[in-house]
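Enquirer: Dropping in start-v2.txt, which is compact mmCIF, C-alpha atoms and all ligand atoms:
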```txt
# COMPACT_ATOMS: atom_id res chain seq x y z
CA MET G 1 119.34 74.68 128.38
CA ALA G 2 117.97 74.88 124.81
CA LYS G 3 118.14 78.33 123.26
CA THR G 4 114.94 80.25 122.64
CA GLU G 5 113.92 79.83 118.99
CA VAL G 6 112.51 82.82 117.12
CA LEU G 7 111.09 82.14 113.69
CA VAL G 8 110.60 85.07 111.31
CA LEU G 9 108.39 84.69 108.25
CA GLY G 10 109.38 87.06 105.42
CA GLY G 11 112.82 88.58 104.83
CA ASN G 12 112.13 92.03 103.43
CA PHE G 13 111.77 95.35 105.29
CA GLY G 14 110.02 93.96 108.38
CA GLY G 15 111.57 90.50 108.55
CA LEU G 16 115.18 91.54 107.91
CA THR G 17 114.98 94.31 110.52
CA ALA G 18 113.25 92.15 113.16
CA ALA G 19 115.70 89.25 112.75
CA LEU G 20 118.81 91.45 112.92
CA GLU G 21 117.48 93.57 115.78
CA LEU G 22 116.84 90.39 117.80
CA LYS G 23 120.41 89.28 117.23
CA HIS G 24 121.69 92.72 118.29
CA GLU G 25 119.58 92.47 121.45
CA LEU G 26 120.44 88.90 122.48
CA ASN G 27 123.49 87.80 120.43
CA ASP G 28 124.10 84.10 121.06
CA ASP G 29 121.32 83.79 123.63
CA VAL G 30 118.73 83.40 120.88
CA SER G 31 118.42 81.27 117.78
CA VAL G 32 116.85 83.18 114.88
CA ARG G 33 115.63 81.58 111.68
CA VAL G 34 114.12 83.48 108.73
CA VAL G 35 111.90 81.72 106.21
CA SER G 36 111.18 83.76 103.10
CA THR G 37 109.62 83.12 99.70
CA SER G 38 112.02 85.60 98.16
CA ASP G 39 115.74 84.85 98.54
CA ARG G 40 116.45 88.49 97.74
CA PHE G 41 115.80 91.71 99.57
CA VAL G 42 113.79 93.94 97.22
CA PHE G 43 113.85 97.71 97.69
CA ASN G 44 110.22 98.20 96.63
CA PRO G 45 110.33 102.04 96.56
CA SER G 46 112.53 101.84 93.44
CA LEU G 47 110.07 99.62 91.53
CA ILE G 48 108.59 102.82 90.07
CA TRP G 49 111.77 103.27 87.99
CA LEU G 50 112.03 99.77 86.46
CA PRO G 51 109.52 100.34 83.65
CA PHE G 52 111.57 103.28 82.36
CA GLY G 53 114.90 101.41 82.36
CA LYS G 54 116.27 103.62 85.15
CA ARG G 55 116.85 100.54 87.34
CA ASP G 56 116.93 96.78 86.88
CA ALA G 57 116.50 93.96 89.39
CA ALA G 58 120.21 93.78 90.20
CA ASP G 59 120.28 97.48 91.14
CA ILE G 60 117.57 97.22 93.79
CA THR G 61 118.04 93.77 95.32
CA PHE G 62 120.65 91.79 97.24
CA PRO G 63 120.80 88.10 98.27
CA LEU G 64 119.53 87.51 101.80
CA ALA G 65 121.50 84.35 102.63
CA GLU G 66 124.88 86.13 102.93
CA THR G 67 123.56 88.93 105.11
CA PHE G 68 121.86 86.53 107.48
CA ALA G 69 124.84 84.15 107.58
CA GLU G 70 127.16 87.02 108.59
CA HIS G 71 124.95 87.69 111.58
CA GLY G 72 124.45 84.08 112.70
CA ILE G 73 120.86 83.88 111.44
CA ASP G 74 119.65 80.71 109.74
CA PHE G 75 118.00 81.51 106.39
CA VAL G 76 115.57 79.15 104.69
CA HIS G 77 114.44 79.99 101.18
CA ALA G 78 110.88 78.62 101.39
CA THR G 79 107.24 79.59 101.73
CA ALA G 80 105.26 79.15 104.94
CA ILE G 81 102.12 77.19 104.12
CA ALA G 82 100.54 76.54 107.55
CA ILE G 83 100.82 78.07 111.01
CA ASP G 84 99.80 76.06 114.08
CA PRO G 85 99.72 78.54 116.99
CA ALA G 86 98.78 75.86 119.53
CA ALA G 87 101.74 73.62 118.62
CA HIS G 88 104.08 76.62 117.98
CA ARG G 89 104.88 75.13 114.60
CA VAL G 90 105.07 76.41 111.01
CA THR G 91 104.94 74.13 108.00
CA THR G 92 106.89 75.40 105.01
CA THR G 93 107.77 74.15 101.55
CA ALA G 94 111.17 73.17 103.01
CA GLY G 95 110.01 71.38 106.15
CA THR G 96 108.47 72.07 109.53
CA PHE G 97 109.92 74.46 112.10
CA ASP G 98 109.02 74.89 115.77
CA TYR G 99 109.24 78.24 117.48
CA ASP G 100 109.05 79.86 120.88
CA TYR G 101 108.22 83.21 119.26
CA LEU G 102 106.99 83.87 115.75
CA VAL G 103 107.30 87.15 113.84
CA ILE G 104 104.98 87.46 110.85
CA SER G 105 106.36 89.90 108.26
CA THR G 106 104.96 88.36 105.12
CA GLY G 107 103.79 91.69 103.67
CA TYR G 108 101.17 91.90 100.96
CA ARG G 109 99.91 90.32 97.83
CA ASN G 110 98.03 92.08 95.05
CA ASN G 111 94.27 91.63 95.06
CA PHE G 112 93.73 91.71 91.31
CA ALA G 113 90.23 90.26 91.76
CA ALA G 114 89.08 93.73 92.89
CA VAL G 115 89.13 95.01 89.29
CA PRO G 116 88.52 92.70 86.32
CA GLY G 117 91.11 93.31 83.62
CA LEU G 118 93.95 94.31 85.97
CA GLY G 119 97.10 92.24 86.47
CA PRO G 120 99.39 89.90 84.55
CA ASP G 121 96.54 88.32 82.59
CA GLY G 122 94.67 91.59 82.14
CA HIS G 123 94.94 94.75 80.10
CA ALA G 124 96.49 97.19 82.58
CA HIS G 125 99.77 96.67 84.36
CA THR G 126 101.03 97.27 87.86
CA ILE G 127 104.42 97.87 89.53
CA THR G 128 103.89 96.56 93.03
CA THR G 129 106.19 93.52 92.78
CA LEU G 130 109.48 92.99 90.99
CA ALA G 131 107.84 90.67 88.44
CA ASP G 132 105.02 93.19 87.85
CA ALA G 133 107.46 96.06 87.34
CA GLU G 134 109.58 93.98 84.95
CA SER G 135 106.58 93.09 82.78
CA THR G 136 105.44 96.74 82.88
CA ALA G 137 108.89 97.66 81.47
CA VAL G 138 108.19 95.47 78.43
CA ALA G 139 104.75 97.05 77.98
CA TRP G 140 106.24 100.57 78.24
CA GLN G 141 108.68 99.83 75.41
CA GLU G 142 105.78 98.58 73.27
CA PHE G 143 103.87 101.75 74.13
CA LEU G 144 106.79 103.99 73.10
CA ALA G 145 106.78 102.33 69.69
CA ASP G 146 103.06 103.01 69.25
CA PRO G 147 101.91 105.70 71.71
CA GLY G 148 98.34 106.61 72.66
CA PRO G 149 96.39 107.77 75.74
CA VAL G 150 97.79 106.84 79.15
CA VAL G 151 95.86 106.10 82.36
CA VAL G 152 97.54 105.83 85.77
CA ALA G 153 95.25 104.71 88.58
CA ALA G 154 94.95 103.74 92.23
CA THR G 155 91.95 101.42 92.49
CA GLN G 156 89.23 101.26 95.12
CA GLY G 157 90.71 99.72 98.27
CA ALA G 158 94.26 100.67 97.27
CA SER G 159 96.61 101.92 99.99
CA CYS G 160 99.92 102.50 98.18
CA PHE G 161 98.92 105.90 96.77
CA GLY G 162 102.43 107.33 96.88
CA ALA G 163 103.57 104.83 94.25
CA ALA G 164 100.64 105.80 91.99
CA TYR G 165 101.60 109.50 92.15
CA GLU G 166 105.28 108.71 91.62
CA PHE G 167 104.49 106.60 88.59
CA LEU G 168 102.22 109.33 87.20
CA PHE G 169 104.92 112.01 87.63
CA ASN G 170 107.56 109.71 86.11
CA VAL G 171 105.32 108.91 83.13
CA HIS G 172 104.84 112.64 82.56
CA HIS G 173 108.60 113.19 82.77
CA GLN G 174 109.34 110.30 80.36
CA LEU G 175 106.71 111.44 77.85
CA ALA G 176 108.17 114.94 77.84
CA LYS G 177 111.69 113.53 77.37
CA ALA G 178 110.50 111.39 74.45
CA LYS G 179 108.54 114.39 73.04
CA ILE G 180 105.34 112.33 73.02
CA SER G 181 102.12 114.30 73.50
CA VAL G 182 99.20 112.07 74.51
CA PRO G 183 96.26 112.44 76.93
CA LEU G 184 97.35 111.52 80.48
CA THR G 185 94.62 110.73 83.04
CA PHE G 186 94.97 110.01 86.74
CA VAL G 187 92.13 108.00 88.31
CA THR G 188 92.19 107.63 92.08
CA SER G 189 89.90 106.30 94.79
CA GLU G 190 91.12 109.01 97.18
CA PRO G 191 88.34 111.48 98.11
CA PHE G 192 90.66 114.35 97.13
CA LEU G 193 94.11 114.73 95.58
CA GLY G 194 96.87 114.26 98.11
CA HIS G 195 94.80 112.31 100.64
CA PHE G 196 97.40 109.53 100.26
CA GLY G 197 95.34 107.26 102.56
CA ILE G 198 96.57 109.33 105.52
CA GLY G 199 93.96 112.07 105.44
CA GLY G 200 96.05 114.59 103.46
CA LEU G 201 98.34 117.34 104.67
CA LYS G 202 97.75 121.11 104.71
CA GLY G 203 98.15 122.61 101.25
CA GLY G 204 98.64 119.23 99.58
CA GLU G 205 95.43 119.15 97.58
CA ALA G 206 95.95 122.66 96.17
CA MET G 207 99.61 121.91 95.38
CA LEU G 208 98.74 118.74 93.48
CA GLU G 209 95.77 120.32 91.65
CA LYS G 210 98.02 123.11 90.44
CA HIS G 211 100.86 120.77 89.50
CA LEU G 212 98.64 118.32 87.59
CA ALA G 213 96.81 121.13 85.77
CA LYS G 214 100.17 122.63 84.73
CA SER G 215 101.30 119.20 83.54
CA GLY G 216 98.15 118.71 81.48
CA VAL G 217 97.01 115.73 83.56
CA THR G 218 93.26 115.14 83.91
CA ALA G 219 92.65 114.00 87.50
CA LEU G 220 89.51 112.13 88.64
CA THR G 221 89.14 111.58 92.39
CA GLY G 222 86.74 109.39 94.41
CA GLN G 223 86.60 106.84 91.59
CA SER G 224 85.82 103.15 91.59
CA ILE G 225 86.83 101.14 88.53
CA ASP G 226 84.28 98.57 87.31
CA GLU G 227 86.48 96.95 84.70
CA ILE G 228 89.53 97.49 82.55
CA THR G 229 88.90 96.28 79.02
CA SER G 230 91.49 96.10 76.25
CA ALA G 231 90.64 99.68 75.27
CA ARG G 232 89.05 101.47 78.23
CA PHE G 233 89.01 102.04 81.98
CA GLU G 234 85.29 101.68 82.77
CA LEU G 235 84.47 103.75 85.88
CA ALA G 236 81.53 103.05 88.20
CA GLY G 237 79.82 106.35 87.33
CA GLY G 238 79.63 105.37 83.65
CA THR G 239 82.70 107.26 82.41
CA ALA G 240 84.95 105.27 80.08
CA ILE G 241 88.54 106.42 79.53
CA PRO G 242 90.31 105.12 76.44
CA PHE G 243 93.93 104.06 76.90
CA ARG G 244 96.87 102.52 75.11
CA PHE G 245 99.00 102.12 78.23
CA GLY G 246 97.50 101.65 81.71
CA MET G 247 99.04 101.17 85.14
CA ALA G 248 96.91 100.69 88.25
CA ILE G 249 97.90 100.15 91.87
CA PRO G 250 95.62 97.39 93.20
CA PRO G 251 94.43 96.83 96.77
CA PHE G 252 96.76 94.78 98.95
CA VAL G 253 95.75 91.86 101.14
CA GLY G 254 97.74 89.71 103.55
CA GLN G 255 99.12 86.29 102.65
CA ASP G 256 96.81 83.25 102.57
CA VAL G 257 98.89 81.38 105.17
CA VAL G 258 98.03 84.12 107.68
CA LYS G 259 94.40 84.46 106.64
CA GLU G 260 93.83 80.71 106.83
CA THR G 261 95.15 80.36 110.39
CA PRO G 262 92.02 80.31 112.58
CA GLY G 263 91.77 83.30 114.93
CA LEU G 264 94.98 84.98 113.74
CA SER G 265 93.88 87.62 111.24
CA ASP G 266 91.06 89.83 109.98
CA ASP G 267 89.20 89.13 106.73
CA LYS G 268 92.01 90.75 104.70
CA GLY G 269 94.67 88.52 106.26
CA TYR G 270 96.14 91.25 108.50
CA VAL G 271 96.99 90.42 112.12
CA PRO G 272 95.32 92.53 114.85
CA VAL G 273 98.13 93.66 117.17
CA HIS G 274 98.72 95.58 120.41
CA ASP G 275 101.04 98.61 120.38
CA THR G 276 103.81 96.09 121.15
CA TYR G 277 103.13 94.38 117.78
CA GLN G 278 102.10 91.26 119.65
CA SER G 279 99.08 89.44 118.24
CA LYS G 280 95.87 90.12 120.16
CA SER G 281 95.07 86.39 120.00
CA PHE G 282 98.39 84.59 120.42
CA PRO G 283 100.99 86.14 122.78
CA GLU G 284 103.93 84.28 121.23
CA ILE G 285 103.12 85.71 117.79
CA TYR G 286 104.08 89.20 116.62
CA ALA G 287 103.20 90.85 113.30
CA VAL G 288 104.98 93.80 111.70
CA GLY G 289 104.85 95.86 108.53
CA ILE G 290 102.09 95.28 106.04
CA ALA G 291 101.12 91.99 107.76
CA ALA G 292 99.94 93.95 110.83
CA GLN G 293 96.41 95.35 110.97
CA VAL G 294 96.34 99.13 111.43
CA PRO G 295 93.42 101.41 112.35
CA MET G 296 91.21 102.75 109.59
CA PRO G 297 90.14 106.13 110.97
CA TRP G 298 87.60 107.14 108.32
CA HIS G 299 84.93 105.92 105.96
CA THR G 300 85.10 107.23 102.42
CA ALA G 301 82.43 106.89 99.74
CA VAL G 302 84.87 104.73 97.79
CA PRO G 303 86.92 102.50 100.10
CA ILE G 304 90.63 103.21 100.47
CA GLY G 305 93.38 101.70 102.61
CA VAL G 306 96.09 103.13 104.88
CA PRO G 307 99.66 102.88 103.51
CA LYS G 308 102.01 100.87 105.71
CA THR G 309 105.27 102.27 104.40
CA GLY G 310 108.89 101.44 105.06
CA PHE G 311 109.45 103.83 107.96
CA PRO G 312 106.69 102.45 110.22
CA THR G 313 107.55 98.90 109.12
CA ASP G 314 111.10 99.42 110.41
CA ALA G 315 109.75 100.87 113.66
CA MET G 316 107.27 98.01 114.18
CA ALA G 317 109.99 95.41 113.54
CA LYS G 318 112.30 96.98 116.13
CA ILE G 319 109.50 97.28 118.69
CA ALA G 320 108.53 93.62 118.20
CA ALA G 321 112.16 92.44 118.43
CA ARG G 322 112.82 94.47 121.59
CA ASN G 323 109.68 93.13 123.26
CA ILE G 324 110.54 89.55 122.37
CA ALA G 325 114.03 90.13 123.78
CA SER G 326 112.59 91.56 127.02
CA THR G 327 110.19 88.65 127.39
CA ILE G 328 113.00 86.13 126.84
CA LYS G 329 115.00 87.90 129.56
CA GLY G 330 111.99 87.68 131.89
CA GLU G 331 111.50 91.47 131.84
CA PRO G 332 108.31 93.44 131.10
CA GLN G 333 107.72 94.46 127.49
CA ARG G 334 109.37 97.85 127.08
CA ALA G 335 108.54 99.16 123.60
CA HIS G 336 105.16 100.60 122.69
CA LYS G 337 104.01 102.79 119.80
CA GLU G 338 100.66 102.97 118.05
CA PHE G 339 100.98 102.92 114.24
CA ALA G 340 98.87 106.09 113.96
CA GLU G 341 101.35 108.01 116.17
CA MET G 342 104.49 107.03 114.28
CA LEU G 343 106.33 109.64 112.18
CA ALA G 344 105.31 109.95 108.54
CA VAL G 345 108.39 110.28 106.34
CA CYS G 346 108.16 109.64 102.62
CA MET G 347 109.80 110.97 99.47
CA LEU G 348 107.73 111.00 96.28
CA ASP G 349 109.81 111.03 93.12
CA ALA G 350 108.79 112.95 90.01
CA GLY G 351 111.52 111.98 87.57
CA ASN G 352 113.73 115.05 88.00
CA SER G 353 112.04 116.56 91.05
CA GLY G 354 109.98 115.33 93.98
CA VAL G 355 107.95 115.99 97.13
CA MET G 356 108.86 115.12 100.70
CA ILE G 357 106.01 114.21 103.07
CA LEU G 358 106.82 114.86 106.73
CA ALA G 359 104.40 114.68 109.64
CA ASP G 360 104.62 114.04 113.37
CA HIS G 361 101.89 111.38 113.12
CA ILE G 362 100.97 109.09 110.22
CA LEU G 363 97.27 109.58 110.96
CA PRO G 364 95.41 112.62 112.36
CA PRO G 365 95.32 114.31 114.83
CA ARG G 366 98.66 115.91 114.03
CA LYS G 367 100.55 118.91 115.35
CA ALA G 368 102.72 119.22 112.25
CA GLY G 369 102.68 118.04 108.68
CA VAL G 370 104.34 119.51 105.59
CA LEU G 371 104.90 118.76 101.93
CA ILE G 372 108.24 120.02 100.62
CA PRO G 373 108.56 120.06 96.81
CA GLY G 374 111.80 120.51 94.86
CA PRO G 375 114.49 118.94 92.70
CA GLU G 376 116.56 118.16 95.82
CA ILE G 377 113.94 115.55 96.83
CA HIS G 378 114.71 113.56 93.66
CA ALA G 379 118.43 113.66 94.57
CA MET G 380 117.63 112.66 98.16
CA LYS G 381 115.54 109.70 96.99
CA LEU G 382 118.39 108.47 94.77
CA ALA G 383 120.86 108.77 97.65
CA PHE G 384 118.48 107.13 100.12
CA GLU G 385 118.06 104.08 97.89
CA LYS G 386 121.85 103.53 97.83
CA TYR G 387 122.18 104.15 101.56
CA PHE G 388 119.28 101.89 102.55
CA LEU G 389 120.46 99.00 100.39
CA TRP G 390 124.01 99.37 101.77
CA LYS G 391 122.91 99.45 105.41
CA SER G 392 120.44 96.57 105.00
CA ARG G 393 122.89 94.38 103.09
CA HIS G 394 125.45 94.80 105.87
CA GLY G 395 122.87 94.31 108.59
CA TYR G 396 123.33 97.82 110.06
CA VAL G 397 119.65 98.03 110.99
CA ARG G 398 120.40 100.27 113.97
CA LEU G 399 121.55 103.09 111.69
CA PRO G 400 118.77 105.65 111.03
C1 LIG K 501 105.75 100.25 94.31
C2 LIG K 501 105.97 100.52 95.76
C3 LIG K 501 106.57 101.70 96.13
C4 LIG K 501 106.79 101.98 97.49
N1 LIG K 501 107.39 103.15 97.82
C5 LIG K 501 107.67 103.41 99.12
C6 LIG K 501 108.36 104.60 99.49
O1 LIG K 501 108.71 105.41 98.64
N2 LIG K 501 108.62 104.79 100.80
C7 LIG K 501 108.23 103.89 101.76
O2 LIG K 501 108.50 104.10 102.94
N3 LIG K 501 107.57 102.77 101.44
C8 LIG K 501 107.28 102.51 100.15
N4 LIG K 501 106.63 101.36 99.81
C9 LIG K 501 106.15 100.48 100.89
C10 LIG K 501 107.21 99.51 101.37
O3 LIG K 501 107.71 98.81 100.27
C11 LIG K 501 106.57 98.60 102.40
O4 LIG K 501 106.34 99.36 103.56
C12 LIG K 501 107.45 97.43 102.76
O5 LIG K 501 107.73 96.63 101.64
C13 LIG K 501 106.76 96.57 103.82
O6 LIG K 501 107.64 95.60 104.25
P1 LIG K 501 107.15 94.19 104.76
O7 LIG K 501 108.37 93.48 105.24
O8 LIG K 501 106.01 94.35 105.68
O9 LIG K 501 106.54 93.44 103.49
P2 LIG K 501 107.20 93.04 102.10
O10 LIG K 501 108.19 94.03 101.67
O11 LIG K 501 106.04 92.73 101.22
O12 LIG K 501 107.97 91.67 102.39
C14 LIG K 501 107.32 90.47 102.63
C15 LIG K 501 108.29 89.34 102.47
O13 LIG K 501 107.64 88.14 102.88
C16 LIG K 501 107.86 87.12 101.92
N5 LIG K 501 106.71 86.21 102.00
C17 LIG K 501 105.46 86.41 101.54
N6 LIG K 501 104.69 85.35 101.82
C18 LIG K 501 105.47 84.46 102.49
C19 LIG K 501 105.23 83.17 103.04
N7 LIG K 501 104.04 82.59 102.98
N8 LIG K 501 106.27 82.54 103.63
C20 LIG K 501 107.50 83.11 103.71
N9 LIG K 501 107.76 84.35 103.20
C21 LIG K 501 106.76 85.01 102.59
C22 LIG K 501 107.98 87.85 100.60
O14 LIG K 501 108.72 87.07 99.68
C23 LIG K 501 108.74 89.11 101.02
O15 LIG K 501 110.13 88.89 101.00
C24 LIG K 501 106.39 101.05 98.48
C25 LIG K 501 105.77 99.85 98.08
C26 LIG K 501 105.57 99.58 96.75
C27 LIG K 501 104.92 98.29 96.36
```
What do you get writing this file as structure tokens?
Expert:
Amino acid sequence: MAKTEVLVLGGNFGGLTAALELKHELNDDVSVRVVSTSDRFVFNPSLIWLPFGKRDAADITFPLAETFAEHGIDFVHATAIAIDPAAHRVTTTAGTFDYDYLVISTGYRNNFAAVPGLGPDGHAHTITTLADAESTAVAWQEFLADPGPVVVAATQGASCFGAAYEFLFNVHHQLAKAKISVPLTFVTSEPFLGHFGIGGLKGGEAMLEKHLAKSGVTALTGQSIDEITSARFELAGGTAIPFRFGMAIPPFVGQDVVKETPGLSDDKGYVPVHDTYQSKSFPEIYAVGIAAQVPMPWHTAVPIGVPKTGFPTDAMAKIAARNIASTIKGEPQRAHKEFAEMLAVCMLDAGNSGVMILADHILPPRKAGVLIPGPEIHAMKLAFEKYFLWKSRHGYVRLP
């Protein structure tokens, strides 16, 4: 009898974990193939350090082919360009592949169109991909040679607020180290400091207000950016902030191949899923990580997104893999967890210190949620990077 074929699109946090977990579940009883645009695993949380020369690409990536080969997974370095759910077929830049089950873990792309003047052809930089962070490193060196006002922002519709705060704190740390005194402004679409797209945690707003005031950072919340010109961040309310160096986290959207598949996704290209991470439209398709649609529990005056971070991505990938394995074995689906009820665990780096975010649920209502500041969080983040890259490279996805 032919083996069940599982095709995984994307080989980063969600795709790597789902593919390896499936192999752990079913060993040789399943054939797993991963198709990914990137032939490297990229540890995105460390992108915040690239602009300051604290990391380069080699430090935070590893080649996927070897890891997958060691675990009997076929790896195809290609981009999926069409999904045909009726035929169970995906067309890629390296040929066409049929599947019995499909896992979509194609993550995000930057929506630079949301703010004119942002992105590779614009005036402000970003750090949300390896290429973006590398070009921001060049811009930072130019800035150091000729400093002026700095703006760090999270635009309307952004969801990756943690990275914006981390970059802000790291900029402050680097400026102090270089003994450069320039105006530093933080512009965010969050309704209040420390909302983070998860509704905030007790004491977080006051802690951040105090910390930013002490650091001499001017913070503007609830902001929408009309345009970034060569000299100014033009805000919707009419305020214009001059800058020499600007970094803004843009909104994310799903990949076009997902968005263009009729009936598969919402208007942002995210796949509506059950708590099993199975598509609500196509039972053979699962979506995990940033590719999955998650609930948006509030309306804010300026739109913001919900961050789909590494911890829930890992959980979604394991849930999807376990349910596919159960279905292949003819058993009922056994793993369920709503995104909102997953643990929130995140470490924000501040250059030589940091803040740990811990909560029993990503989204309210919560029973517990704390922010723990301190220099030990910086050390923990450094250690976690090494540990996570080691465990992923060796395929030890069942380690915590
Ligand atoms: C700057 C930054 C800092 C972050 N910091 C943290 C942090 O501190 N803690 C934390 O928990 N999370 C953090 N995150 C979030 C974390 O990186 C994401 O949760 C994680 O990357 C989501 O994994 P994913 O597999 O869903 O998507 P991705 O990591 O985006 O991976 C998607 C993969 O799919 C591939 N792909 C895309 N399109 C196609 C296609 N058409 N065909 C085939 N392959 C395709 C891509 O090449 C990529 O390899 C951060 C993110 C950023 C950007």
Enquirer: Dump the neighbourhood of ligand LIG 501 (chain K) as a PyMOL selection string: all residues within 7 Å, distances computed on only C-alpha atoms and all ligand atoms.
Expert: chain G and resi 9-15+35-38+41+43-48+78-81+105-108+127-129+160+162-163+255+257+288-291+308-311+313+346-348
Enquirer: Which of these, G:Glu284, G:Glu190, G:Asp39, G:Glu166, has the shortest distance to Pro303 (chain G) once you count only C-alpha atoms?
Expert: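 Of the candidates, the smallest distance to Pro303 (chain G) is held by G:Glu190.
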Enquirer: Could you pull the residues within 9 Å of Glu260 (chain G), counting all atoms listed in the file, minus those fewer than 3 positions along the same chain, as an MDAnalysis selection string?
Expert: chainID G and resid 82:83 255:257 263:265 269
Enquirer: Mind pulling up the distance from CA of Ala164 (chain G) to CA of Phe243 (chain G)?
Expert: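 It comes out at 16.6 Å.
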Enquirer: Tell me, as a list in words, which residues lie within 12 Å of Ala344 (chain G), counting only C-alpha atoms; anything in the same chain fewer than 6 positions away does not count.
Expert: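 Result of the neighbour search: Phe196, Gly197, Ile198, Gly199, Gly200, Leu201, Pro307, Lys308, Thr309, Gly310, Phe311, Pro312, Thr313, Ala315, Met356, Ile357, Leu358, Ala359, Asp360, His361, Ile362, Leu363, Pro364, Arg366, Ala368, Gly369, Val370 and Leu371 of chain G.
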Enquirer: Please measure the separation of CA of Leu118 (chain G) and CA of Val182 (chain G), giving the value in Å to one decimal.
Expert: 21.8 Å
Enquirer: CA of Glu209 (chain G) and CA of Gly351 (chain G) are how many Å apart?
Expert: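 Going from CA of Glu209 (chain G) over to CA of Gly351 (chain G) covers 18.3 Å.
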Enquirer: Within 12 Å of Gln174 (chain G), counting all atoms listed in the file, which residues qualify if same-chain residues fewer than 6 places away don't, as an mmCIF file with C-alpha atoms, in the coordinates of the input?
Expert:
```cif
data_model
loop_
_atom_site.group_PDB
_atom_site.id
_atom_site.type_symbol
_atom_site.label_atom_id
_atom_site.label_comp_id
_atom_site.auth_asym_id
_atom_site.auth_seq_id
_atom_site.Cartn_x
_atom_site.Cartn_y
_atom_site.Cartn_z
ATOM 1 C CA TRP G 49 111.770 103.270 87.990
ATOM 2 C CA PRO G 51 109.520 100.340 83.650
ATOM 3 C CA PHE G 52 111.570 103.280 82.360
ATOM 4 C CA GLY G 53 114.900 101.410 82.360
ATOM 5 C CA LYS G 54 116.270 103.620 85.150
ATOM 6 C CA TRP G 140 106.240 100.570 78.240
ATOM 7 C CA GLN G 141 108.680 99.830 75.410
ATOM 8 C CA PHE G 143 103.870 101.750 74.130
ATOM 9 C CA LEU G 144 106.790 103.990 73.100
ATOM 10 C CA PHE G 167 104.490 106.600 88.590
ATOM 11 C CA LEU G 168 102.220 109.330 87.200
ATOM 12 C CA ILE G 180 105.340 112.330 73.020
ATOM 13 C CA SER G 181 102.120 114.300 73.500
ATOM 14 C CA VAL G 182 99.200 112.070 74.510
ATOM 15 C CA ALA G 350 108.790 112.950 90.010
ATOM 16 C CA GLY G 351 111.520 111.980 87.570
ATOM 17 C CA ASN G 352 113.730 115.050 88.000
#
```
Enquirer: From (88.4, 108.0, 84.3), in the file's coordinates, out to 10 Å: which residues are reached, counting all atoms listed in the file? Answer as a short mmCIF file (atom, residue, chain, number, x, y, z; two decimals) with C-alpha atoms, in the frame of the given file.
Expert:
```cif
data_model
loop_
_atom_site.label_atom_id
_atom_site.label_comp_id
_atom_site.auth_asym_id
_atom_site.auth_seq_id
_atom_site.Cartn_x
_atom_site.Cartn_y
_atom_site.Cartn_z
CA VAL G 151 95.86 106.10 82.36
CA VAL G 152 97.54 105.83 85.77
CA ALA G 153 95.25 104.71 88.58
CA THR G 185 94.62 110.73 83.04
CA PHE G 186 94.97 110.01 86.74
CA VAL G 187 92.13 108.00 88.31
CA THR G 188 92.19 107.63 92.08
CA THR G 218 93.26 115.14 83.91
CA ALA G 219 92.65 114.00 87.50
CA LEU G 220 89.51 112.13 88.64
CA THR G 221 89.14 111.58 92.39
CA GLN G 223 86.60 106.84 91.59
CA SER G 224 85.82 103.15 91.59
CA ILE G 225 86.83 101.14 88.53
CA ARG G 232 89.05 101.47 78.23
CA PHE G 233 89.01 102.04 81.98
CA GLU G 234 85.29 101.68 82.77
CA LEU G 235 84.47 103.75 85.88
CA ALA G 236 81.53 103.05 88.20
CA GLY G 237 79.82 106.35 87.33
CA GLY G 238 79.63 105.37 83.65
CA THR G 239 82.70 107.26 82.41
CA ALA G 240 84.95 105.27 80.08
CA ILE G 241 88.54 106.42 79.53
CA PRO G 242 90.31 105.12 76.44
#
```
Enquirer: From the list G:Asp29, G:His88, G:Phe75, G:Glu142, which residue is nearest Phe282 (chain G) when using all atoms listed in the file?
Expert: G:His88
Enquirer: As a ChimeraX atom specification, please: the residues near Pro250 (chain G) (cut-off 10 Å, all atoms listed in the file, same-chain neighbours under 5 positions excluded).
Expert: /G:109-115,118-119,125-128,153-161,164
Enquirer: Kindly save the residues from that selection, with C-alpha atoms included, as a compact mmCIF listing (two decimals), keeping the file's coordinate frame.
Expert:
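Output contents, as saved in result.txt:
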```txt
# COMPACT_ATOMS: atom_id res chain seq x y z
CA ARG G 109 99.91 90.32 97.83
CA ASN G 110 98.03 92.08 95.05
CA ASN G 111 94.27 91.63 95.06
CA PHE G 112 93.73 91.71 91.31
CA ALA G 113 90.23 90.26 91.76
CA ALA G 114 89.08 93.73 92.89
CA VAL G 115 89.13 95.01 89.29
CA LEU G 118 93.95 94.31 85.97
CA GLY G 119 97.10 92.24 86.47
CA HIS G 125 99.77 96.67 84.36
CA THR G 126 101.03 97.27 87.86
CA ILE G 127 104.42 97.87 89.53
CA THR G 128 103.89 96.56 93.03
CA ALA G 153 95.25 104.71 88.58
CA ALA G 154 94.95 103.74 92.23
CA THR G 155 91.95 101.42 92.49
CA GLN G 156 89.23 101.26 95.12
CA GLY G 157 90.71 99.72 98.27
CA ALA G 158 94.26 100.67 97.27
CA SER G 159 96.61 101.92 99.99
CA CYS G 160 99.92 102.50 98.18
CA PHE G 161 98.92 105.90 96.77
CA ALA G 164 100.64 105.80 91.99
```
Enquirer: Would you mind telling me which residue in G:Val355, G:Ala248, G:Leu389, G:Ala18 lies nearest to Ile372 (chain G) when using only C-alpha atoms?
Expert: G:Val355
Enquirer: For Thr17 (chain G), which of G:Lys367, G:Lys318, G:His378, G:His77 is the closest residue, counting all atoms listed in the file?
Expert: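 Among G:Lys367, G:Lys318, G:His378, G:His77, it is G:Lys318 that comes nearest to Thr17 (chain G).
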